[in-house]
$ cat upload_17.txt   # compact mmCIF, C-alpha atoms
# COMPACT_ATOMS: atom_id res chain seq x y z
CA MET A 89 -9.65 77.23 -12.91
CA LYS A 90 -8.12 75.43 -9.98
CA THR A 91 -11.61 74.34 -8.89
CA LYS A 92 -12.30 72.89 -12.38
CA LEU A 93 -8.95 71.05 -12.35
CA VAL A 94 -9.64 69.64 -8.91
CA LEU A 95 -13.15 68.55 -9.96
CA THR A 96 -11.78 66.98 -13.16
CA PHE A 97 -9.06 65.14 -11.20
CA MET A 98 -11.61 63.90 -8.68
CA LEU A 99 -13.89 62.68 -11.47
CA VAL A 100 -11.02 60.82 -13.22
CA PHE A 101 -9.89 59.34 -9.88
CA ALA A 102 -13.46 58.20 -9.12
CA LEU A 103 -13.71 56.58 -12.56
CA LEU A 104 -10.36 54.84 -12.02
CA LEU A 105 -11.54 53.55 -8.65
CA ALA A 106 -14.77 52.33 -10.20
CA GLY A 107 -12.77 50.61 -12.91
CA CYS A 108 -10.49 48.94 -10.37
CA SER A 109 -13.46 47.87 -8.32
CA SER A 110 -15.17 46.44 -11.38
CA SER A 111 -12.10 44.55 -12.61
CA SER A 112 -11.43 42.91 -9.23
CA SER A 113 -15.03 42.05 -8.46
CA THR A 114 -15.91 38.40 -8.08
CA LYS A 115 -18.42 36.52 -10.16
CA GLU A 116 -20.54 36.55 -7.07
CA ASP A 117 -20.91 40.33 -7.40
CA GLU A 118 -21.48 40.29 -11.16
CA SER A 119 -24.06 37.52 -11.32
CA GLY A 120 -25.62 37.82 -7.91
CA LYS A 121 -24.74 34.15 -7.30
CA VAL A 122 -22.86 32.78 -4.33
CA VAL A 123 -19.59 31.24 -5.58
CA LEU A 124 -18.22 28.27 -3.63
CA LYS A 125 -14.68 27.03 -4.32
CA PHE A 126 -14.58 23.24 -4.09
CA LEU A 127 -11.28 21.31 -4.07
CA HIS A 128 -11.13 17.51 -4.33
CA LYS A 129 -8.44 14.96 -5.24
CA TRP A 130 -9.96 12.84 -8.00
CA PRO A 131 -9.15 14.24 -11.47
CA GLN A 132 -8.86 10.71 -12.92
CA PRO A 133 -11.24 9.95 -15.82
CA GLU A 134 -12.87 7.10 -13.88
CA TYR A 135 -13.78 9.42 -10.98
CA ALA A 136 -14.10 13.00 -12.30
CA PRO A 137 -17.45 12.49 -14.13
CA TYR A 138 -19.17 11.60 -10.86
CA PHE A 139 -18.22 14.93 -9.28
CA GLU A 140 -19.08 16.83 -12.46
CA GLU A 141 -22.57 15.29 -12.44
CA VAL A 142 -23.14 16.04 -8.75
CA VAL A 143 -22.06 19.68 -9.20
CA LYS A 144 -24.25 20.07 -12.29
CA ASP A 145 -27.29 18.63 -10.47
CA PHE A 146 -26.67 20.81 -7.42
CA GLU A 147 -26.39 24.01 -9.48
CA LYS A 148 -29.58 23.08 -11.32
CA GLN A 149 -31.45 22.68 -8.03
CA ASN A 150 -29.77 25.76 -6.49
CA PRO A 151 -29.56 28.39 -9.24
CA ASN A 152 -28.31 31.00 -6.75
CA ILE A 153 -25.07 29.01 -6.11
CA LYS A 154 -22.13 28.48 -8.46
CA ILE A 155 -19.59 25.74 -7.65
CA LYS A 156 -16.06 26.51 -8.83
CA MET A 157 -14.49 23.03 -8.79
CA GLU A 158 -10.80 22.07 -8.89
CA ALA A 159 -9.38 18.55 -8.78
CA ILE A 160 -5.74 17.75 -7.92
CA ALA A 161 -4.35 14.22 -7.64
CA ASP A 162 -3.34 12.41 -4.45
CA GLU A 163 0.32 13.48 -3.97
CA PRO A 164 0.19 17.04 -5.42
CA ILE A 165 -2.83 17.91 -3.28
CA LYS A 166 -0.73 17.46 -0.13
CA ASP A 167 1.54 20.30 -1.28
CA LYS A 168 -1.45 22.35 -2.39
CA LEU A 169 -3.11 21.98 1.02
CA ARG A 170 0.12 22.96 2.79
CA VAL A 171 0.26 26.16 0.71
CA ILE A 172 -3.44 26.79 1.34
CA LEU A 173 -2.92 26.49 5.08
CA GLY A 174 -0.54 29.45 5.06
CA GLY A 175 -2.29 31.66 2.49
CA ASN A 176 -5.45 33.62 1.85
CA GLU A 177 -6.73 31.83 -1.27
CA VAL A 178 -8.58 29.14 0.64
CA PRO A 179 -11.31 26.99 -0.99
CA ASP A 180 -14.64 27.05 0.85
CA ILE A 181 -14.76 23.24 0.80
CA MET A 182 -11.60 21.18 0.54
CA PHE A 183 -10.55 17.55 0.63
CA SER A 184 -8.87 16.20 3.75
CA TRP A 185 -7.78 12.87 5.13
CA SER A 186 -9.06 12.25 8.64
CA GLY A 187 -6.97 11.91 11.81
CA GLU A 188 -3.91 14.10 12.36
CA PHE A 189 -4.04 15.41 8.78
CA ALA A 190 -7.38 17.09 9.54
CA ARG A 191 -6.33 18.08 13.06
CA LYS A 192 -3.54 20.25 11.57
CA PHE A 193 -6.24 22.43 10.04
CA VAL A 194 -8.12 22.47 13.34
CA ARG A 195 -5.05 23.60 15.31
CA ALA A 196 -4.40 26.33 12.75
CA ASN A 197 -8.02 27.52 13.16
CA ALA A 198 -8.48 26.88 9.45
CA ALA A 199 -11.38 24.39 9.73
CA LEU A 200 -14.95 25.35 10.55
CA ASP A 201 -16.58 23.58 13.51
CA LEU A 202 -19.37 21.57 11.88
CA THR A 203 -20.87 20.26 15.13
CA PRO A 204 -23.75 22.80 15.26
CA TYR A 205 -24.77 21.98 11.67
CA LEU A 206 -24.79 18.23 12.33
CA ASN A 207 -26.71 18.66 15.61
CA GLU A 208 -29.19 20.98 13.93
CA ASP A 209 -29.98 18.37 11.25
CA THR A 210 -30.11 15.08 13.15
CA ALA A 211 -31.45 13.21 10.10
CA TRP A 212 -28.24 14.12 8.22
CA LYS A 213 -26.02 13.30 11.21
CA ASN A 214 -27.73 9.95 11.80
CA SER A 215 -27.44 9.01 8.12
CA PHE A 216 -23.69 8.43 8.65
CA ILE A 217 -22.25 5.21 10.06
CA PRO A 218 -20.98 6.53 13.46
CA ALA A 219 -17.47 5.09 13.00
CA SER A 220 -17.05 7.23 9.87
CA LEU A 221 -17.67 10.55 11.66
CA GLN A 222 -15.47 9.85 14.70
CA PRO A 223 -12.07 10.12 12.91
CA PHE A 224 -12.90 13.72 11.93
CA THR A 225 -13.46 14.79 15.54
CA SER A 226 -11.15 16.86 17.72
CA ASP A 227 -11.85 17.67 21.39
CA GLY A 228 -15.38 16.33 20.98
CA LYS A 229 -16.19 18.55 18.01
CA ASN A 230 -16.67 17.49 14.39
CA TYR A 231 -14.60 19.21 11.72
CA GLY A 232 -15.08 16.98 8.69
CA ILE A 233 -17.69 15.22 6.58
CA PRO A 234 -16.69 11.78 5.24
CA LEU A 235 -17.22 10.83 1.60
CA ARG A 236 -15.49 7.43 1.46
CA PHE A 237 -15.31 4.76 4.13
CA ASN A 238 -12.30 2.52 3.72
CA GLY A 239 -11.12 -0.45 5.77
CA LYS A 240 -8.28 -2.97 5.64
CA PHE A 241 -8.76 -6.72 5.54
CA PHE A 242 -6.75 -9.88 4.91
CA VAL A 243 -7.89 -11.46 1.63
CA TYR A 244 -7.10 -15.14 1.10
CA ASN A 245 -7.03 -17.63 -1.77
CA LYS A 246 -9.87 -20.08 -1.09
CA LYS A 247 -8.35 -22.96 -3.11
CA ILE A 248 -5.10 -22.76 -1.13
CA PHE A 249 -7.01 -22.62 2.18
CA GLU A 250 -9.14 -25.64 1.15
CA LYS A 251 -6.00 -27.57 0.15
CA TYR A 252 -4.72 -27.35 3.73
CA ASN A 253 -8.17 -27.46 5.37
CA LEU A 254 -7.67 -23.98 6.85
CA GLN A 255 -10.30 -21.73 8.43
CA GLU A 256 -10.32 -17.93 8.78
CA PRO A 257 -8.21 -17.21 11.90
CA ALA A 258 -9.85 -15.22 14.70
CA THR A 259 -6.80 -14.73 16.94
CA TRP A 260 -3.17 -13.80 16.22
CA ASP A 261 -2.02 -17.22 17.49
CA GLU A 262 -4.38 -18.93 15.02
CA PHE A 263 -3.09 -16.59 12.30
CA LEU A 264 0.52 -17.64 13.01
CA GLN A 265 -0.48 -21.32 12.98
CA THR A 266 -2.16 -20.77 9.59
CA LEU A 267 0.97 -19.08 8.21
CA ASP A 268 3.16 -21.89 9.55
CA THR A 269 0.99 -24.56 7.92
CA LEU A 270 1.18 -22.72 4.60
CA LYS A 271 4.96 -22.32 4.80
CA LYS A 272 5.49 -26.00 5.62
CA GLY A 273 3.35 -26.85 2.61
CA GLY A 274 5.68 -24.90 0.33
CA GLU A 275 3.34 -21.92 -0.13
CA THR A 276 4.19 -18.24 0.26
CA PRO A 277 1.93 -17.38 3.21
CA LEU A 278 1.86 -13.56 2.90
CA ILE A 279 2.14 -11.31 -0.14
CA LEU A 280 3.43 -7.79 0.57
CA GLY A 281 4.87 -5.10 -1.71
CA ASN A 282 6.61 -2.57 0.53
CA GLN A 283 8.51 -0.52 -2.05
CA ASP A 284 6.32 2.35 -0.88
CA PRO A 285 6.48 1.82 2.90
CA TRP A 286 2.86 2.78 3.61
CA ALA A 287 2.07 -0.88 2.86
CA ALA A 288 3.87 -2.19 5.97
CA ILE A 289 2.74 0.88 7.94
CA HIS A 290 -0.84 -0.35 7.41
CA TYR A 291 0.11 -3.56 9.27
CA LEU A 292 1.64 -1.49 12.06
CA THR A 293 -1.47 0.70 12.20
CA GLY A 294 -3.57 -2.22 13.39
CA LEU A 295 -0.87 -3.80 15.54
CA ASN A 296 -0.27 -0.54 17.44
CA GLN A 297 -3.99 -0.22 18.06
CA LYS A 298 -4.31 -3.79 19.33
CA GLU A 299 -1.20 -3.67 21.56
CA VAL A 300 -1.64 -0.19 23.10
CA SER A 301 -4.68 0.97 25.08
CA GLN A 302 -6.86 3.56 23.35
CA ASP A 303 -6.31 6.38 25.86
CA VAL A 304 -2.50 5.96 25.82
CA ARG A 305 -2.40 5.75 22.01
CA MET A 306 -4.55 8.86 21.60
CA LYS A 307 -2.31 10.74 24.05
CA ASP A 308 0.77 9.66 22.08
CA TYR A 309 -0.74 10.43 18.67
CA ASN A 310 -1.48 13.97 19.90
CA PRO A 311 1.60 16.06 18.90
CA GLY A 312 1.35 18.06 22.12
CA SER A 313 1.60 15.05 24.45
CA GLY A 314 3.18 12.19 22.47
CA GLU A 315 5.81 10.08 24.27
CA PHE A 316 5.54 6.56 22.73
CA THR A 317 7.03 4.95 25.86
CA ASP A 318 4.38 2.23 26.20
CA PRO A 319 5.98 -1.22 25.62
CA GLY A 320 3.11 -2.05 23.26
CA TYR A 321 4.76 -0.04 20.45
CA VAL A 322 7.86 -2.26 20.56
CA LYS A 323 5.66 -5.38 20.78
CA ALA A 324 3.65 -4.29 17.73
CA MET A 325 6.79 -3.68 15.72
CA GLN A 326 8.26 -7.00 16.84
CA LEU A 327 5.16 -8.88 15.65
CA LEU A 328 5.60 -7.31 12.21
CA ALA A 329 9.36 -8.03 12.14
CA ASP A 330 8.72 -11.65 13.14
CA LEU A 331 6.42 -12.21 10.15
CA ASN A 332 9.40 -11.56 7.89
CA LYS A 333 11.98 -13.21 10.15
CA LYS A 334 9.98 -16.45 10.14
CA GLY A 335 9.79 -16.41 6.36
CA TYR A 336 6.06 -15.77 6.08
CA PHE A 337 6.35 -12.79 3.72
CA MET A 338 7.27 -13.20 0.06
CA LYS A 339 10.86 -12.55 -1.01
CA ASN A 340 11.97 -9.06 -2.13
CA VAL A 341 9.29 -7.36 -0.03
CA ASN A 342 11.05 -3.97 0.00
CA SER A 343 11.78 -3.90 -3.74
CA SER A 344 8.28 -4.95 -4.85
CA SER A 345 5.46 -2.46 -5.38
CA HIS A 346 1.96 -3.00 -4.05
CA ASP A 347 0.67 -3.48 -7.61
CA MET A 348 3.38 -6.06 -8.39
CA ALA A 349 2.45 -7.90 -5.21
CA LYS A 350 -1.22 -7.94 -6.23
CA GLN A 351 -0.35 -9.51 -9.57
CA LEU A 352 1.53 -12.30 -7.76
CA PHE A 353 -1.48 -12.84 -5.51
CA PHE A 354 -3.86 -12.96 -8.49
CA ALA A 355 -1.58 -15.56 -10.09
CA GLY A 356 -1.87 -17.80 -7.02
CA LYS A 357 1.75 -17.22 -5.93
CA GLY A 358 0.71 -16.51 -2.35
CA ALA A 359 -2.10 -17.36 0.06
CA ILE A 360 -2.94 -14.11 1.90
CA MET A 361 -2.65 -10.38 1.20
CA TYR A 362 -3.60 -7.33 3.29
CA VAL A 363 -5.71 -4.99 1.13
CA GLU A 364 -8.15 -2.12 1.35
CA LEU A 365 -11.90 -2.53 0.94
CA GLU A 366 -11.65 -0.38 -2.19
CA GLU A 367 -9.48 -3.10 -3.76
CA PHE A 368 -12.14 -5.80 -3.39
CA ALA A 369 -13.46 -5.10 -6.90
CA ASP A 370 -9.97 -5.83 -8.24
CA MET A 371 -9.89 -9.07 -6.27
CA ASP A 372 -13.22 -10.19 -7.68
CA LYS A 373 -12.27 -9.27 -11.23
CA ASN A 374 -9.10 -11.37 -11.08
CA MET A 375 -10.11 -14.18 -8.70
CA LYS A 376 -13.81 -14.66 -9.34
CA GLY A 377 -15.22 -16.80 -6.53
CA ASN A 378 -11.76 -17.84 -5.30
CA TRP A 379 -11.30 -15.39 -2.46
CA GLY A 380 -12.56 -14.60 1.02
CA PHE A 381 -11.56 -12.09 3.68
CA PHE A 382 -11.16 -11.57 7.43
CA PRO A 383 -10.14 -8.62 9.65
CA MET A 384 -6.80 -8.41 11.45
CA PRO A 385 -7.10 -11.10 14.16
CA SER A 386 -7.30 -10.15 17.82
CA ILE A 387 -4.23 -10.33 20.04
CA THR A 388 -5.14 -12.23 23.21
CA ASP A 389 -3.02 -10.21 25.66
CA GLY A 390 -3.19 -6.96 23.68
CA LYS A 391 -4.05 -3.83 25.71
CA GLY A 392 -6.05 -2.18 22.90
CA ASN A 393 -9.70 -2.71 21.98
CA GLN A 394 -9.69 -5.86 19.84
CA ASN A 395 -12.95 -4.90 18.12
CA PHE A 396 -11.48 -2.06 16.02
CA ILE A 397 -11.01 -2.14 12.25
CA THR A 398 -7.94 -0.67 10.57
CA GLY A 399 -8.92 2.00 8.06
CA ALA A 400 -10.20 5.52 7.80
CA PRO A 401 -12.70 7.70 6.04
CA ASP A 402 -11.63 10.66 3.96
CA GLY A 403 -13.80 13.56 2.94
CA PHE A 404 -14.09 17.32 3.28
CA ILE A 405 -13.56 20.17 5.69
CA VAL A 406 -15.06 23.65 5.38
CA SER A 407 -12.73 26.64 5.61
CA SER A 408 -13.13 28.76 8.73
CA LYS A 409 -12.64 31.75 6.39
CA THR A 410 -15.62 30.95 4.17
CA LYS A 411 -18.13 33.74 3.76
CA HIS A 412 -20.81 31.22 2.90
CA PRO A 413 -20.94 28.48 5.57
CA LYS A 414 -24.66 27.90 5.06
CA GLU A 415 -24.25 27.26 1.32
CA ALA A 416 -21.14 25.12 1.90
CA ILE A 417 -23.11 22.88 4.26
CA GLN A 418 -25.96 22.82 1.75
CA PHE A 419 -23.58 21.43 -0.89
CA LEU A 420 -22.07 18.85 1.48
CA LYS A 421 -25.55 17.64 2.42
CA PHE A 422 -26.32 17.22 -1.27
CA LEU A 423 -23.01 15.45 -1.96
CA THR A 424 -23.62 12.98 0.89
CA SER A 425 -27.32 12.48 0.30
CA LYS A 426 -28.57 8.88 0.08
CA GLU A 427 -29.25 9.32 -3.66
CA ASN A 428 -25.74 10.57 -4.46
CA SER A 429 -24.16 8.05 -2.11
CA LEU A 430 -25.94 5.17 -3.88
CA LYS A 431 -24.64 6.61 -7.16
CA LEU A 432 -21.10 6.85 -5.68
CA VAL A 433 -21.10 3.15 -4.80
CA LYS A 434 -22.63 2.03 -8.11
CA GLN A 435 -20.70 4.37 -10.42
CA ILE A 436 -17.25 4.42 -8.78
CA GLY A 437 -17.36 1.38 -6.50
CA TRP A 438 -16.31 3.25 -3.34
CA PRO A 439 -17.74 2.13 0.02
CA SER A 440 -19.95 4.92 1.35
CA PRO A 441 -20.17 6.17 4.96
CA ILE A 442 -23.93 6.67 4.49
CA ASP A 443 -25.77 3.85 6.22
CA GLY A 444 -27.39 1.52 3.70
CA ALA A 445 -25.78 3.02 0.59
CA THR A 446 -23.32 0.12 0.28
CA ASN A 447 -25.48 -2.96 -0.12
CA PRO A 448 -25.57 -6.09 -2.32
CA ASP A 449 -27.63 -4.23 -4.94
CA THR A 450 -25.13 -1.38 -5.31
CA ALA A 451 -21.84 -3.13 -4.58
CA LEU A 452 -20.08 -6.47 -4.53
CA LYS A 453 -21.46 -8.79 -1.86
CA GLU A 454 -18.01 -8.82 -0.20
CA VAL A 455 -17.79 -5.01 -0.18
CA ALA A 456 -21.22 -4.81 1.48
CA GLU A 457 -20.10 -7.43 4.01
CA GLY A 458 -16.91 -5.44 4.66
CA VAL A 459 -18.92 -2.30 5.40
CA GLU A 460 -21.16 -4.31 7.75
CA ALA A 461 -18.03 -5.49 9.60
CA MET A 462 -16.91 -1.87 9.90
CA LYS A 463 -20.34 -0.88 11.23
CA LYS A 464 -20.08 -3.52 13.95
CA ALA A 465 -16.57 -2.39 14.93
CA GLU A 466 -16.27 -0.21 18.02
CA GLY A 467 -13.86 2.18 16.32
CA MET A 468 -11.24 2.63 13.63
CA ALA A 469 -7.46 2.48 13.76
CA GLU A 470 -6.64 5.24 11.29
CA TRP A 471 -3.65 4.99 8.94
CA LEU A 472 -0.62 5.55 11.17
CA ASP A 473 1.16 7.80 8.65
CA THR A 474 -1.75 10.29 8.62
CA ASP A 475 -2.80 9.87 12.27
CA VAL A 476 0.46 11.04 13.89
CA HIS A 477 2.45 14.25 13.38
CA ALA A 478 4.24 14.34 10.00
CA LYS A 479 7.70 14.24 11.63
CA VAL A 480 6.79 11.17 13.69
CA ALA A 481 5.26 9.57 10.59
CA ASP A 482 8.54 10.18 8.71
CA VAL A 483 10.47 8.21 11.36
CA TYR A 484 8.12 5.26 10.93
CA LEU A 485 8.11 5.48 7.14
CA SER A 486 11.89 5.81 6.79
CA ASN A 487 12.58 2.89 9.16
CA ILE A 488 9.95 0.30 8.31
CA GLN A 489 11.99 -1.18 5.43
CA LEU A 490 15.05 -1.36 7.71
CA LEU A 491 12.94 -3.25 10.24
CA LEU A 492 11.90 -5.81 7.64
CA ASP A 493 15.40 -6.36 6.26
CA GLY A 494 16.79 -6.73 9.80
CA SER A 495 19.00 -3.61 9.73
CA LYS A 496 17.27 -2.08 12.76
CA THR A 497 15.50 -3.51 15.79
CA PRO A 498 12.08 -2.38 17.05
CA GLU A 499 13.78 -0.91 20.15
CA GLN A 500 16.13 1.24 18.03
CA ILE A 501 13.29 2.57 15.88
CA ILE A 502 10.98 3.33 18.80
CA LYS A 503 13.81 5.25 20.50
CA GLU A 504 13.98 7.45 17.39
CA VAL A 505 10.20 7.83 17.47
CA GLN A 506 10.38 8.92 21.13
CA LYS A 507 13.13 11.46 20.38
CA VAL A 508 11.22 13.06 17.51
CA ALA A 509 7.92 12.98 19.46
CA LYS A 510 9.65 14.95 22.23
CA GLN A 511 10.90 17.55 19.69
CA VAL A 512 7.42 17.83 18.19
CA GLN A 513 5.92 18.26 21.65
CA SER A 514 8.17 21.28 22.33
CA GLU A 515 7.30 22.77 18.92
CA VAL A 516 3.53 22.69 19.44
CA GLU A 517 3.49 23.78 23.09
$ encode --input "upload_17.txt" --output "structure tokens"
Amino acid sequence: MKTKLVLTFMLVFALLLAGCSSSSSTKEDESGKVVLKFLHKWPQPEYAPYFEEVVKDFEKQNPNIKIKMEAIADEPIKDKLRVILGGNEVPDIMFSWSGEFARKFVRANAALDLTPYLNEDTAWKNSFIPASLQPFTSDGKNYGIPLRFNGKFFVYNKKIFEKYNLQEPATWDEFLQTLDTLKKGGETPLILGNQDPWAAIHYLTGLNQKEVSQDVRMKDYNPGSGEFTDPGYVKAMQLLADLNKKGYFMKNVNSSSHDMAKQLFFAGKGAIMYVELEEFADMDKNMKGNWGFFPMPSITDGKGNQNFITGAPDGFIVSSKTKHPKEAIQFLKFLTSKENSLKLVKQIGWPSPIDGATNPDTALKEVAEGVEAMKKAEGMAEWLDTDVHAKVADVYLSNIQLLLDGSKTPEQIIKEVQKVAKQVQSEVE
């Protein structure tokens, strides 16, 4: 009797186990397909269809792979990625900004080293504009694949420039002379909406790069060795403060949004505005034929490489925990293929990091010219607020408005930066 009871119990227990196993099994087990979780940050109706089409085409060509896609908007995805970093539910492929944002994943051993896959397929590696891959590197290894290639340029009102017989300035001194001429003529030389302080941080991104040598800046932007004692950081901040002090910026800079500032520029209320390459379509729509652009001018005595462009790619990293690295790479190759990159430029209007995808047939002439300028650049100055440790970025972001309204000096702010950089250094050691 006891034997029968034991056998019955064992049978029930086995059935329960089988049931549990069945209920917790993944789709991968049920269908025999490999399931890849794919997280991006473009749920907006103008962007989402592109990704839906790419996924549909990929699954059609690769019937053994299922892409489980999730899209979360710009700000919420930062929180989502922070949670992901500390948990087990990690997407196989996930969005990441380049620079320090991506390096956080690298330091946490959460990002797969993609160097072997790029070296194995040189045609794929060489299809990228080199400057777009570099910002995703860490210690000589590549941890990210760029999808968009974005730069920052000064856009100017051609009619206003013609009125004062002005040319595109090549040096910072020429730039200041241009601004002075415009001010004396009763124009607002520079339009800036710094309600969200990233706008002024983008100025400082390029100024830091031009004033501080590359090796010193890279050492300082590394959380484990950052000191920010080079005098170039104070100089860069002073150049920005002087633009406001001399009355070159529009009034109410800190209470105006970037979008409000753009509307003023479109209405001819200012001569020059610092915008991203992605915004060129907006410029053309509102100022048809009445605009031109130039990169941040070189600083004659600056210690940095003057042939850099401010900007950065963003794209995707692959989780180090993925069980399917081969399939993840397969999908990224498909996503960044020439065919899909041409479609990206045509359909969404984003500049592509794939060489030749952004051209006068697929994009605005000015966008294609902007990408050519980025190709000729020797490197990129990545957005300061994503290229330094988050705590250092917070010091810059929380003080940049105080710099512009004259409440704090560059020296005071940089001292705070140095203090926090030292704290961060002790935390990551």
$ atom_distance --input "upload_17.txt" --atom1 "atom CA of Phe139 of chain A" --atom2 "atom CA of Phe183 of chain A"
12.8 Å
$ closest_residue --input "upload_17.txt" --among "A:Tyr244, A:Thr317, A:Leu472, A:Ser407" --to "Phe193 of chain A" --atoms "only C-alpha atoms"
A:Ser407
$ residues_around --input "upload_17.txt" --residues "segment 250-266 of chain A" --least-positions-apart "5" --cutoff "7 Å" --atoms "all atoms listed in the file" --output "list in words"
Phe382, Pro385, Ser386, Ile387 and Thr388 of chain A
$ atom_distance --input "upload_17.txt" --atom1 "atom CA of Val142 of chain A" --atom2 "atom CA of Asn428 of chain A"
7.4 Å
$ atom_distance --input "upload_17.txt" --atom1 "atom CA of Ile405 of chain A" --atom2 "atom CA of Lys192 of chain A"
11.6 Å
$ closest_residue --input "upload_17.txt" --among "A:Pro204, A:Thr210, A:Leu452, A:Val505" --to "Ala369 of chain A" --atoms "all atoms listed in the file"
A:Leu452
$ decode --input "upload_17.txt" --residues "segment 197-203 of chain A" --atoms "all heavy atoms" --output "PDB file, in the first residue's frame"
ATOM      1  N   ASN A 197      30.090  45.230 -16.914  1.00  0.00           N
ATOM      2  CA  ASN A 197      30.162  43.956 -17.658  1.00  0.00           C
ATOM      3  C   ASN A 197      28.799  43.548 -18.219  1.00  0.00           C
ATOM      4  O   ASN A 197      28.471  42.368 -18.294  1.00  0.00           O
ATOM      5  CB  ASN A 197      30.703  42.827 -16.760  1.00  0.00           C
ATOM      6  CG  ASN A 197      32.133  43.086 -16.336  1.00  0.00           C
ATOM      7  OD1 ASN A 197      32.960  43.487 -17.145  1.00  0.00           O
ATOM      8  ND2 ASN A 197      32.417  42.878 -15.059  1.00  0.00           N
ATOM      9  N   ALA A 198      28.006  44.549 -18.579  1.00  0.00           N
ATOM     10  CA  ALA A 198      26.666  44.278 -19.103  1.00  0.00           C
ATOM     11  C   ALA A 198      26.601  44.348 -20.628  1.00  0.00           C
ATOM     12  O   ALA A 198      25.598  43.965 -21.220  1.00  0.00           O
ATOM     13  CB  ALA A 198      25.669  45.279 -18.510  1.00  0.00           C
ATOM     14  N   ALA A 199      27.681  44.847 -21.261  1.00  0.00           N
ATOM     15  CA  ALA A 199      27.692  44.999 -22.729  1.00  0.00           C
ATOM     16  C   ALA A 199      28.657  44.001 -23.355  1.00  0.00           C
ATOM     17  O   ALA A 199      29.772  43.807 -22.878  1.00  0.00           O
ATOM     18  CB  ALA A 199      28.103  46.419 -23.098  1.00  0.00           C
ATOM     19  N   LEU A 200      28.207  43.376 -24.413  1.00  0.00           N
ATOM     20  CA  LEU A 200      29.018  42.392 -25.128  1.00  0.00           C
ATOM     21  C   LEU A 200      30.086  43.117 -25.962  1.00  0.00           C
ATOM     22  O   LEU A 200      29.800  44.129 -26.606  1.00  0.00           O
ATOM     23  CB  LEU A 200      28.117  41.570 -26.051  1.00  0.00           C
ATOM     24  CG  LEU A 200      28.757  40.388 -26.792  1.00  0.00           C
ATOM     25  CD1 LEU A 200      29.124  39.275 -25.817  1.00  0.00           C
ATOM     26  CD2 LEU A 200      27.800  39.855 -27.867  1.00  0.00           C
ATOM     27  N   ASP A 201      31.301  42.588 -25.946  1.00  0.00           N
ATOM     28  CA  ASP A 201      32.371  43.114 -26.792  1.00  0.00           C
ATOM     29  C   ASP A 201      32.071  42.721 -28.240  1.00  0.00           C
ATOM     30  O   ASP A 201      32.040  41.546 -28.595  1.00  0.00           O
ATOM     31  CB  ASP A 201      33.715  42.525 -26.334  1.00  0.00           C
ATOM     32  CG  ASP A 201      34.884  42.987 -27.205  1.00  0.00           C
ATOM     33  OD1 ASP A 201      34.686  43.881 -28.053  1.00  0.00           O
ATOM     34  OD2 ASP A 201      35.992  42.442 -27.029  1.00  0.00           O
ATOM     35  N   LEU A 202      31.841  43.730 -29.078  1.00  0.00           N
ATOM     36  CA  LEU A 202      31.452  43.475 -30.472  1.00  0.00           C
ATOM     37  C   LEU A 202      32.639  43.501 -31.437  1.00  0.00           C
ATOM     38  O   LEU A 202      32.465  43.285 -32.636  1.00  0.00           O
ATOM     39  CB  LEU A 202      30.407  44.516 -30.916  1.00  0.00           C
ATOM     40  CG  LEU A 202      29.154  44.617 -30.038  1.00  0.00           C
ATOM     41  CD1 LEU A 202      28.211  45.680 -30.581  1.00  0.00           C
ATOM     42  CD2 LEU A 202      28.436  43.278 -29.947  1.00  0.00           C
ATOM     43  N   THR A 203      33.832  43.762 -30.893  1.00  0.00           N
ATOM     44  CA  THR A 203      35.029  43.867 -31.735  1.00  0.00           C
ATOM     45  C   THR A 203      35.249  42.638 -32.623  1.00  0.00           C
ATOM     46  O   THR A 203      35.486  42.785 -33.830  1.00  0.00           O
ATOM     47  CB  THR A 203      36.286  44.110 -30.873  1.00  0.00           C
ATOM     48  OG1 THR A 203      35.980  45.066 -29.855  1.00  0.00           O
ATOM     49  CG2 THR A 203      37.439  44.607 -31.711  1.00  0.00           C
TER      50      THR A 203
END
